[in-house]
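To be precise, the following lines are structure.txt, and they hold compact mmCIF, C-alpha atoms.
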# COMPACT_ATOMS: atom_id res chain seq x y z
CA VAL A 1 0.00 0.00 0.00
CA ALA A 2 2.83 2.38 0.89
CA LEU A 3 4.58 1.65 -2.42
CA THR A 4 1.39 2.31 -4.38
CA ALA A 5 0.76 5.54 -2.47
CA GLY A 6 4.36 6.65 -3.05
CA VAL A 7 4.23 5.91 -6.78
CA GLY A 8 0.87 7.69 -7.03
CA ALA A 9 2.21 10.76 -5.20
CA LEU A 10 5.37 10.93 -7.31
CA SER A 11 3.36 10.50 -10.50
CA THR A 12 0.99 13.30 -9.51
CA VAL A 13 3.83 15.67 -8.61
CA GLY A 14 5.74 14.77 -11.78
CA TYR A 15 2.69 15.43 -13.94
CA GLY A 16 2.07 18.76 -12.16
CA VAL A 17 5.67 19.93 -12.61
CA THR A 18 5.66 18.91 -16.27
CA ARG A 19 2.42 20.86 -16.88
CA ALA A 20 3.61 23.90 -14.90
CA LEU A 21 6.95 24.16 -16.71
CA GLY A 22 5.68 23.14 -20.14
CA ASP A 23 4.23 25.27 -22.90
CA PRO A 24 1.19 27.32 -21.94
CA VAL A 25 -2.12 26.18 -23.39
CA ILE A 26 -3.62 28.52 -25.99
CA GLU A 27 -7.38 28.50 -26.34
CA ARG A 28 -9.01 30.65 -28.98
CA VAL A 29 -12.34 31.98 -27.76
CA SER A 30 -14.78 34.26 -29.54
CA VAL A 31 -16.51 36.67 -27.19
CA THR A 32 -19.81 38.31 -28.02
CA LEU A 33 -20.54 41.59 -26.26
CA PRO A 34 -23.93 43.29 -26.32
CA ASN A 35 -24.03 46.63 -28.14
CA LEU A 36 -20.64 46.01 -29.70
CA ASP A 37 -19.87 48.60 -32.35
CA GLN A 38 -19.08 46.68 -35.55
CA ARG A 39 -15.85 48.66 -35.89
CA LEU A 40 -14.60 46.73 -32.84
CA ALA A 41 -15.36 43.34 -34.41
CA GLY A 42 -12.19 41.30 -34.69
CA LEU A 43 -10.35 43.13 -31.92
CA ARG A 44 -7.97 40.51 -30.52
CA PHE A 45 -7.05 40.13 -26.86
CA ALA A 46 -4.38 37.83 -25.49
CA VAL A 47 -5.54 37.04 -21.97
CA VAL A 48 -2.80 35.43 -19.90
CA SER A 49 -3.27 34.05 -16.41
CA ASP A 50 -1.36 32.09 -13.83
CA ILE A 51 2.15 32.60 -15.16
CA HIS A 52 3.49 32.01 -11.63
CA LEU A 53 7.00 33.29 -12.14
CA GLY A 54 9.05 31.61 -9.46
CA PRO A 55 12.38 30.05 -8.65
CA LEU A 56 11.52 26.89 -10.61
CA THR A 57 10.29 28.52 -13.82
CA GLY A 58 13.35 30.47 -14.92
CA ARG A 59 13.70 33.31 -17.39
CA ALA A 60 13.31 30.97 -20.39
CA HIS A 61 9.73 30.27 -19.26
CA THR A 62 8.86 33.98 -19.46
CA GLU A 63 10.63 34.32 -22.81
CA ARG A 64 8.61 31.38 -24.18
CA ILE A 65 5.35 32.94 -22.95
CA VAL A 66 6.23 36.29 -24.54
CA ARG A 67 7.08 34.59 -27.86
CA MET A 68 3.76 32.75 -27.82
CA ILE A 69 1.80 35.91 -27.00
CA ASN A 70 3.59 37.92 -29.69
CA GLY A 71 2.87 35.14 -32.19
CA LEU A 72 -0.85 35.74 -31.63
CA GLU A 73 -0.54 39.32 -32.94
CA ALA A 74 -2.99 40.55 -30.31
CA ASP A 75 -4.34 44.08 -30.23
CA VAL A 76 -4.36 44.06 -26.41
CA VAL A 77 -2.50 41.90 -23.89
CA ALA A 78 -4.13 41.37 -20.49
CA ILE A 79 -2.25 39.57 -17.72
CA VAL A 80 -5.00 38.64 -15.30
CA GLY A 81 -3.35 37.69 -12.07
CA ASP A 82 -1.10 35.20 -10.37
CA MET A 83 1.87 36.37 -12.35
CA VAL A 84 4.42 35.91 -9.56
CA ASP A 85 5.27 33.76 -6.58
CA GLY A 86 7.80 36.04 -4.92
CA THR A 87 9.22 39.54 -4.61
CA VAL A 88 10.74 41.78 -7.26
CA GLU A 89 14.12 41.30 -5.60
CA GLU A 90 13.81 37.53 -6.01
CA LEU A 91 12.08 37.37 -9.38
CA GLY A 92 12.57 40.70 -11.15
CA PRO A 93 15.02 39.28 -13.70
CA LEU A 94 12.50 36.58 -14.60
CA ALA A 95 9.90 39.23 -15.48
CA ARG A 96 12.16 41.36 -17.71
CA PRO A 97 11.22 39.56 -20.94
CA LEU A 98 7.72 41.06 -20.52
CA ARG A 99 9.27 44.28 -21.86
CA ALA A 100 9.20 42.60 -25.30
CA LEU A 101 5.41 42.10 -25.33
CA GLU A 102 3.94 43.40 -28.58
CA SER A 103 0.39 44.65 -29.04
CA ARG A 104 -1.26 47.53 -30.83
CA TYR A 105 -2.97 49.04 -27.77
CA GLY A 106 -0.74 47.97 -24.91
CA ALA A 107 -0.27 45.39 -22.21
CA TYR A 108 -2.25 45.52 -18.96
CA PHE A 109 -2.14 43.72 -15.63
CA VAL A 110 -4.56 43.07 -12.78
CA THR A 111 -3.63 41.47 -9.50
CA GLY A 112 -4.43 37.92 -8.52
CA ASN A 113 -4.27 36.35 -5.10
CA HIS A 114 -0.59 35.39 -5.43
CA GLU A 115 0.49 39.03 -5.77
CA TYR A 116 -0.92 39.58 -2.26
CA TYR A 117 0.96 36.56 -0.87
CA THR A 118 4.36 38.06 -1.68
CA ALA A 119 6.30 39.53 1.24
CA ASN A 120 6.05 43.09 -0.08
CA GLY A 121 2.55 42.95 -1.58
CA PRO A 122 1.62 43.88 -5.14
CA GLY A 123 2.82 47.50 -5.08
CA GLU A 124 6.39 46.69 -5.98
CA TRP A 125 5.21 44.54 -8.90
CA VAL A 126 2.96 47.34 -10.14
CA GLU A 127 6.02 49.60 -10.28
CA GLU A 128 8.23 46.92 -11.86
CA LEU A 129 5.64 46.18 -14.53
CA ARG A 130 5.27 49.89 -15.30
CA ASP A 131 9.02 50.01 -15.92
CA LEU A 132 8.58 47.03 -18.26
CA GLY A 133 5.80 48.77 -20.23
CA VAL A 134 2.88 46.87 -18.67
CA ARG A 135 0.19 49.10 -17.17
CA SER A 136 -1.59 47.91 -14.04
CA LEU A 137 -5.31 48.52 -13.79
CA ARG A 138 -6.04 48.81 -10.09
CA ASN A 139 -9.74 49.57 -9.77
CA GLU A 140 -9.63 51.69 -12.90
CA ARG A 141 -10.28 51.56 -16.61
CA VAL A 142 -8.81 52.70 -19.88
CA GLU A 143 -10.44 53.43 -23.19
CA ILE A 144 -9.30 51.33 -26.12
CA SER A 145 -10.00 53.23 -29.36
CA HIS A 146 -10.11 51.05 -32.45
CA ARG A 147 -11.24 52.15 -35.92
CA GLY A 148 -13.08 55.12 -34.41
CA ALA A 149 -14.98 53.05 -31.81
CA VAL A 150 -14.23 52.79 -28.09
CA LEU A 151 -14.18 49.85 -25.69
CA ASP A 152 -13.71 50.25 -21.93
CA LEU A 153 -11.13 47.90 -20.44
CA ALA A 154 -11.51 47.75 -16.68
CA GLY A 155 -9.44 46.02 -14.04
CA VAL A 156 -10.17 45.48 -10.37
CA ASN A 157 -7.89 44.32 -7.59
CA ASP A 158 -8.12 40.73 -6.44
CA VAL A 159 -10.43 40.09 -3.49
CA ASN A 160 -7.38 39.12 -1.40
CA GLY A 161 -6.43 42.79 -1.41
CA GLU A 162 -9.25 43.49 1.04
CA THR A 163 -7.03 42.61 4.00
CA ALA A 164 -4.60 45.33 2.90
CA GLY A 165 -7.37 47.86 2.15
CA GLU A 166 -6.91 47.28 -1.59
CA GLY A 167 -9.90 45.13 -2.46
CA PRO A 168 -11.90 45.24 -5.67
CA ASP A 169 -13.84 48.45 -6.25
CA PHE A 170 -16.18 48.05 -9.20
CA ALA A 171 -17.65 51.52 -8.69
CA ALA A 172 -14.21 53.10 -9.08
CA ALA A 173 -13.40 50.99 -12.12
CA LEU A 174 -16.74 51.42 -13.89
CA GLY A 175 -18.25 54.59 -12.45
CA GLY A 176 -18.92 57.52 -14.74
CA ARG A 177 -18.37 55.60 -17.95
CA ASP A 178 -20.59 55.76 -21.00
CA ARG A 179 -22.85 52.74 -20.41
CA GLY A 180 -23.56 52.52 -24.12
CA ARG A 181 -20.00 51.35 -24.72
CA PRO A 182 -18.87 47.79 -24.29
Take the structure in the file and write it out as structure tokens.
Amino acid sequence: VALTAGVGALSTVGYGVTRALGDPVIERVSVTLPNLDQRLAGLRFAVVSDIHLGPLTGRAHTERIVRMINGLEADVVAIVGDMVDGTVEELGPLARPLRALESRYGAYFVTGNHEYYTANGPGEWVEELRDLGVRSLRNERVEISHRGAVLDLAGVNDVNGETAGEGPDFAAALGGRDRGRP
């Protein structure tokens, strides 16, 4: 029984490590938004989550992710949380390839729970990403203008930010916007 349990545990861990360090999975998804101006049809987003930069992933992992994103020729890149598993001091060099992200309207980031688990909180990563050309949306929005039409891109902090007084604030992110826009 112990041997079977040991083999099962090692197999599970081995599979998990292989998946975590392997190529990211790309899923193409069409999204239909109500009241979408036809000029926005075909706007392409690369939505990236759970990168989990950490001591085991290495810089090559980030470089591979950036190459894959750039190969999609996205109009907007959105990194939607759980990007890191450590501090800027520990992992900053692993994030530097993000500077090479290519998109017509920019790269954006919102926090996930793992950014709040780091020793220094998400603030240092917000600054580091800004220096790398990735804008953080912390309970705010930006207007994406495409072919004369406008789409609001909003980001809210992860719910784990509530303990630090930085929780999600949908009113701040969406308040005052033109509700006729997607």
Which residues come within 12 Å of Gly42 (chain A), counting only C-alpha atoms, excluding same-chain residues fewer than 3 positions away, as a PDB file with C-alpha atoms, in the coordinates of the input?
ATOM      1  CA  VAL A  29     -12.340  31.980 -27.760  1.00  0.00           C
ATOM      2  CA  SER A  30     -14.780  34.260 -29.540  1.00  0.00           C
ATOM      3  CA  VAL A  31     -16.510  36.670 -27.190  1.00  0.00           C
ATOM      4  CA  THR A  32     -19.810  38.310 -28.020  1.00  0.00           C
ATOM      5  CA  LEU A  33     -20.540  41.590 -26.260  1.00  0.00           C
ATOM      6  CA  LEU A  36     -20.640  46.010 -29.700  1.00  0.00           C
ATOM      7  CA  ASP A  37     -19.870  48.600 -32.350  1.00  0.00           C
ATOM      8  CA  GLN A  38     -19.080  46.680 -35.550  1.00  0.00           C
ATOM      9  CA  ARG A  39     -15.850  48.660 -35.890  1.00  0.00           C
ATOM     10  CA  PHE A  45      -7.050  40.130 -26.860  1.00  0.00           C
ATOM     11  CA  GLU A  73      -0.540  39.320 -32.940  1.00  0.00           C
ATOM     12  CA  ALA A  74      -2.990  40.550 -30.310  1.00  0.00           C
ATOM     13  CA  ASP A  75      -4.340  44.080 -30.230  1.00  0.00           C
ATOM     14  CA  VAL A  76      -4.360  44.060 -26.410  1.00  0.00           C
ATOM     15  CA  HIS A 146     -10.110  51.050 -32.450  1.00  0.00           C
ATOM     16  CA  ARG A 147     -11.240  52.150 -35.920  1.00  0.00           C
TER      17      ARG A 147
END
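Comparing the minimum interatomic distances between Gly112 (chain A) and each of A:Leu53, A:Ala172, A:Val84, A:Val25, counting all atoms listed in the file, we find that A:Val84 sits nearest.
Proximity to Val77 (chain A) was assessed for A:Gly6, A:Gly148, A:Gly106, A:Pro122 counting all atoms listed in the file; the smallest distance is recorded for A:Gly106.
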Q) Could you pull the residues within 12 Å of region 155-161 of chain A, counting all atoms listed in the file, minus those fewer than 4 positions along the same chain, as number ranges by chain? A) A: 78-82, 108-118, 121-123, 126, 135-143, 165-174
Q: May I have the residues within 12 Å of Pro93 (chain A) as a list in words, using only C-alpha atoms and disregarding those fewer than 6 positions away in the same chain?
A: Leu53, Gly54, Pro55, Thr57, Gly58, Arg59, Ala60, His61, Thr62, Glu63, Val84, Gly86, Thr87, Arg99, Glu128, Leu129 and Leu132 of chain A
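Across the structure, CA of Asn70 (chain A) and CA of Asp131 (chain A) are spaced 19.1 Å apart.
You will find CA of Leu98 (chain A) at 10.5 Å from CA of Arg130 (chain A).
Across the model, the gap from CA of Glu89 (chain A) to CA of Ile69 (chain A) is 25.3 Å.
With distances restricted to only C-alpha atoms, A:Met68 is the closest residue to Ala100 (chain A) from A:Ala119, A:Met68, A:Val88, A:Asp152.
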Q: Write out as a ChimeraX atom specification each polymer residue whose atoms come within 12 Å of Pro24 (chain A), counting all atoms listed in the file; drop sequence neighbours fewer than 5 positions from it.
A: /A:18-19,47-52,61-69
Q. Pick the closest to Arg104 (chain A) from A:Leu72, A:Ala9, A:Leu56, A:Val1: which is it, counting all atoms listed in the file?
A. A:Leu72
Q: Please return, as number ranges by chain, all polymer residues that have at least one atom within 8 Å of the point (-23.7, 45.5, -24.7); use all atoms listed in the file and the file's own coordinate frame.
A: A: 33-36, 180-182
Take the residues from that selection and write them out as a PDB file, keeping the file's coordinate frame, keeping C-alpha atoms.
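Here's the written file selection-v4.pdb:
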ATOM      1  CA  LEU A  33     -20.540  41.590 -26.260  1.00  0.00           C
ATOM      2  CA  PRO A  34     -23.930  43.290 -26.320  1.00  0.00           C
ATOM      3  CA  ASN A  35     -24.030  46.630 -28.140  1.00  0.00           C
ATOM      4  CA  LEU A  36     -20.640  46.010 -29.700  1.00  0.00           C
ATOM      5  CA  GLY A 180     -23.560  52.520 -24.120  1.00  0.00           C
ATOM      6  CA  ARG A 181     -20.000  51.350 -24.720  1.00  0.00           C
ATOM      7  CA  PRO A 182     -18.870  47.790 -24.290  1.00  0.00           C
TER       8      PRO A 182
END
